[in-house]
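Enquirer: The structure under discussion is supplied below as structure tokens; questions concerning it will follow.
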Amino acid sequence: MLWNTLLLAMRAIRRNLMRSFLTILGVVIGVAAVITMVTLGNGATRSVSAQIASMGSNLLMVRPGQRFGPGSEAAPNFKLADVEAVRSQIGAAVAVAPVVSSAVTAVNQSRNWSTVVTGSSNDYFSAGNWELTAGRSFSESEERAGKAVCVIGNTVRDKLFGQQSAVGAEIRIKQFACEVIGQLKSKGQSAMGSDQDDIVVMPLRTVQRRLSGSQDVNMIMVSAGSGASIDSIKAELERLLRERRKIGDNEEDNFRVMDTRQIAETLTGTTRILTMLLGAVAAVSLLVGGIGIMNIMLVSVTERTREIGIRLAIGALEREVLLQFLIEAVVLSSLGGVIGIALAAAASVVLSGVMNIAYVFDPSINLISFLFSAAIGVVFGYFPARRAAQLDPIEALRHE
């Protein structure tokens, strides 16, 4: 009986193919939109997590001031003695890198490029998960003497040297020449939207003497060993720096310690909320599609009133007529769900490539969307099916 009812439903759908397609179009668009939005949101979340991980694992960044923007400049910068204190007293820290940054214009022959020079030590490369594709890092004598040597990022290499190797060449920074001794492996865009490869790294003393003109340190990067407790290291750092900066018990810190885990949780949490919001907005079109199915099914009942009357007159039960129209509505909505899933898969792959984010296939959202589309058929198809089943056979046979 169920098989015969399904065949009758398929036959009714085939009779009006164009109308059936337009009927399920709302469901197709709804399912495709929900799956695409969720898939792209998951891909964006994974990309953000990967970008933050590229900054360094178990990384803490200590900056003067309590907040970004106005007011943070009033806090005093760190000194090299603070860096040495962190290195000697925080036992779980495997790399402690002082950082001084300065915006400059780098020049090579007729080419020039505005970039950022970062003064630091070799610990900067290990703390920030930087790898060299060519050349070497700083020697101890170069760091100690403040030699004019540098390691450049991929963007700086492309802008000043094209595709040629820059190792052994010289670039001019302000009034002095700097020998390129290494090239960094590309990291791409950061989670904040900046280009991580647009960087020139020099020994700390070189930048302090030739660019900043002071012994101040703008930031301290602290990398913890694997298995170490980031929270305990953060607490030790805060306690040590409060003591060194002579901050009273009732006074607020004049520095902030940022944890890459917190940054990751904040950004991924934001992308998840946006994904849920976009998915909810897209799901509204599923309801619109369900209303379209109910509308067409009511039209279909009116058109087939005489057919329904004949079936009831020759002995068909009300529940059989109800089941026939209900199955027809479910088949329509389920077919829309299948087409929507296929369309969403193609759209997600294309858009992931265009947006340069990871494509993350989520079987759960595909299954939920399909089941929801089938449920739409049941909910919005029940009223027309019930109306068909309750027709009076005599009145139905008189209908023209």
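By convention in this document, the chains of the structure tokens carry letters A, B, ... by their order, each chain's residues are numbered from 1, and ligands are numbered from 1 in the order they are shown.
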As a ChimeraX atom specification, please: the residues near range 164-170 of chain A (cut-off 8 Å, only C-alpha atoms, same-chain neighbours under 2 positions excluded).
Expert: /A:108,134-135,157,161-162,172,177-183
Enquirer: Pick out the residues sitting within 8 Å of range 361-377 of chain A, and hand them over as a count of residues only; count only C-alpha atoms, and ignore anything fewer than 5 positions along from it in its own chain.
Expert: 22
Enquirer: Can you list every residue of range 103-146 of chain A that has an atom at most 12 Å from range 205-213 of chain A, with its nearest atom pair and the distance in Å to one decimal, using only C-alpha atoms, ordered by chain then number, as JSON lines?
Expert:
```
{"residue": "A:Ala103", "atom": "CA", "partner": "A:Leu211", "partner_atom": "CA", "distance": 9.4}
{"residue": "A:Val104", "atom": "CA", "partner": "A:Leu211", "partner_atom": "CA", "distance": 9.0}
{"residue": "A:Thr105", "atom": "CA", "partner": "A:Leu211", "partner_atom": "CA", "distance": 11.8}
{"residue": "A:Val116", "atom": "CA", "partner": "A:Val207", "partner_atom": "CA", "distance": 11.3}
{"residue": "A:Val117", "atom": "CA", "partner": "A:Val207", "partner_atom": "CA", "distance": 7.9}
{"residue": "A:Thr118", "atom": "CA", "partner": "A:Val207", "partner_atom": "CA", "distance": 7.6}
{"residue": "A:Gly119", "atom": "CA", "partner": "A:Val207", "partner_atom": "CA", "distance": 5.3}
{"residue": "A:Ser120", "atom": "CA", "partner": "A:Arg205", "partner_atom": "CA", "distance": 8.1}
{"residue": "A:Ser121", "atom": "CA", "partner": "A:Arg205", "partner_atom": "CA", "distance": 9.2}
{"residue": "A:Phe138", "atom": "CA", "partner": "A:Thr206", "partner_atom": "CA", "distance": 11.7}
{"residue": "A:Glu140", "atom": "CA", "partner": "A:Arg205", "partner_atom": "CA", "distance": 11.9}
{"residue": "A:Ser141", "atom": "CA", "partner": "A:Arg205", "partner_atom": "CA", "distance": 11.4}
{"residue": "A:Glu142", "atom": "CA", "partner": "A:Thr206", "partner_atom": "CA", "distance": 9.1}
{"residue": "A:Glu143", "atom": "CA", "partner": "A:Arg205", "partner_atom": "CA", "distance": 6.8}
{"residue": "A:Arg144", "atom": "CA", "partner": "A:Arg205", "partner_atom": "CA", "distance": 7.3}
{"residue": "A:Ala145", "atom": "CA", "partner": "A:Arg205", "partner_atom": "CA", "distance": 7.3}
{"residue": "A:Gly146", "atom": "CA", "partner": "A:Thr206", "partner_atom": "CA", "distance": 4.3}
```
Enquirer: Range 172-324 of chain A: which residues are alpha helix (DSSP H) by DSSP, as an MDAnalysis selection string?
Expert: chainID A and resid 204:207 230:244 260:303 305:313 318:324
Enquirer: Just how far from CA of Thr115 in chain A is CA of Ser223 in chain A, in Å to one decimal?
Expert: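 Interatomic distance, CA of Ser223 in chain A to CA of Thr115 in chain A: 25.3 Å.
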Enquirer: One decimal, in Å: what's the spacing between CA of Cys150 in chain A and CA of Val200 in chain A?
Expert: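 So the answer is 6.5 Å.
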Enquirer: What parts of range 214-321 of chain A does DSSP call strand (DSSP E)? I'd like the answer as a ChimeraX atom specification.
Expert: /A:219-224,255-259
Enquirer: Quick one: residues within 7 Å of range 349-358 of chain A, only C-alpha atoms counted, chain neighbours fewer than 3 positions away excluded, as a list in words?
Expert: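 Listing them by chain and then by number gives Leu40, Gly43, Ala44, Arg46, Ser47, Ala345 and Ala346 of chain A.
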Enquirer: Give me a file of those residues, with N, CA and C atoms, as a JSON list (two decimals), in the first residue's frame.
Expert:
```
[["chain", "number", "residue", "atom", "x", "y", "z"],
["A", 40, "LEU", "N", 30.88, 27.71, 5.48],
["A", 40, "LEU", "CA", 31.83, 28.82, 5.38],
["A", 40, "LEU", "C", 32.21, 29.35, 6.77],
["A", 43, "GLY", "N", 34.67, 26.96, 8.22],
["A", 43, "GLY", "CA", 35.96, 27.15, 7.54],
["A", 43, "GLY", "C", 36.67, 28.39, 8.04],
["A", 44, "ALA", "N", 35.91, 29.48, 8.24],
["A", 44, "ALA", "CA", 36.51, 30.71, 8.75],
["A", 44, "ALA", "C", 37.04, 30.50, 10.17],
["A", 46, "ARG", "N", 38.12, 27.68, 11.48],
["A", 46, "ARG", "CA", 39.35, 26.87, 11.41],
["A", 46, "ARG", "C", 40.52, 27.71, 10.90],
["A", 47, "SER", "N", 40.26, 28.57, 9.92],
["A", 47, "SER", "CA", 41.33, 29.42, 9.38],
["A", 47, "SER", "C", 41.85, 30.38, 10.43],
["A", 345, "ALA", "N", 27.07, 22.06, -1.55],
["A", 345, "ALA", "CA", 28.42, 21.50, -1.63],
["A", 345, "ALA", "C", 29.23, 22.21, -2.71],
["A", 346, "ALA", "N", 28.62, 22.42, -3.88],
["A", 346, "ALA", "CA", 29.32, 23.10, -4.97],
["A", 346, "ALA", "C", 29.63, 24.56, -4.59]]
```
Enquirer: Can you work out which one of A:Val151, A:Ala228, A:Leu17, A:Ile24 has the shortest atom-to-atom distance to Ile90 in chain A, counting only C-alpha atoms?
Expert: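 Nearest candidate to Ile90 in chain A out of A:Val151, A:Ala228, A:Leu17, A:Ile24: A:Ala228.
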Enquirer: Which value, in Å to one decimal, gives the distance between CA of Thr45 in chain A and CA of Gly269 in chain A?
Expert: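 Spanning CA of Thr45 in chain A to CA of Gly269 in chain A is a straight-line distance of 8.4 Å.
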Enquirer: Show me, as JSON, numbers by chain, the residues that have an atom within 9 Å of Arg63 in chain A when counting only C-alpha atoms, minus same-chain residues fewer than 2 positions from it.
Expert: {"A": [61, 65, 66, 77, 78, 218, 219, 220, 254, 255, 256, 257, 258]}
Enquirer: May I have the selected residues written with C-alpha atoms, as a PDB file, in the first residue's frame?
Expert:
```
ATOM      1  CA  MET A  61      52.739  38.783  24.864  1.00  0.00           C
ATOM      2  CA  GLY A  65      49.493  49.903  29.339  1.00  0.00           C
ATOM      3  CA  GLN A  66      46.178  48.324  30.257  1.00  0.00           C
ATOM      4  CA  ASN A  77      58.088  50.780  28.507  1.00  0.00           C
ATOM      5  CA  PHE A  78      60.071  47.770  29.674  1.00  0.00           C
ATOM      6  CA  ASN A 218      58.001  47.810  23.539  1.00  0.00           C
ATOM      7  CA  MET A 219      56.952  44.200  24.117  1.00  0.00           C
ATOM      8  CA  ILE A 220      58.137  40.964  25.680  1.00  0.00           C
ATOM      9  CA  ASN A 254      50.251  49.345  34.015  1.00  0.00           C
ATOM     10  CA  PHE A 255      50.878  46.461  31.633  1.00  0.00           C
ATOM     11  CA  ARG A 256      48.815  43.682  30.082  1.00  0.00           C
ATOM     12  CA  VAL A 257      49.616  40.041  29.425  1.00  0.00           C
ATOM     13  CA  MET A 258      47.852  38.647  26.350  1.00  0.00           C
TER      14      MET A 258
END
```
Enquirer: Using only C-alpha atoms, which of A:Ser186, A:Asn295, A:Asn58, A:Asn112 sits nearest Ser20 in chain A?
Expert: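 Distance minimum relative to Ser20 in chain A lands on A:Asn295.
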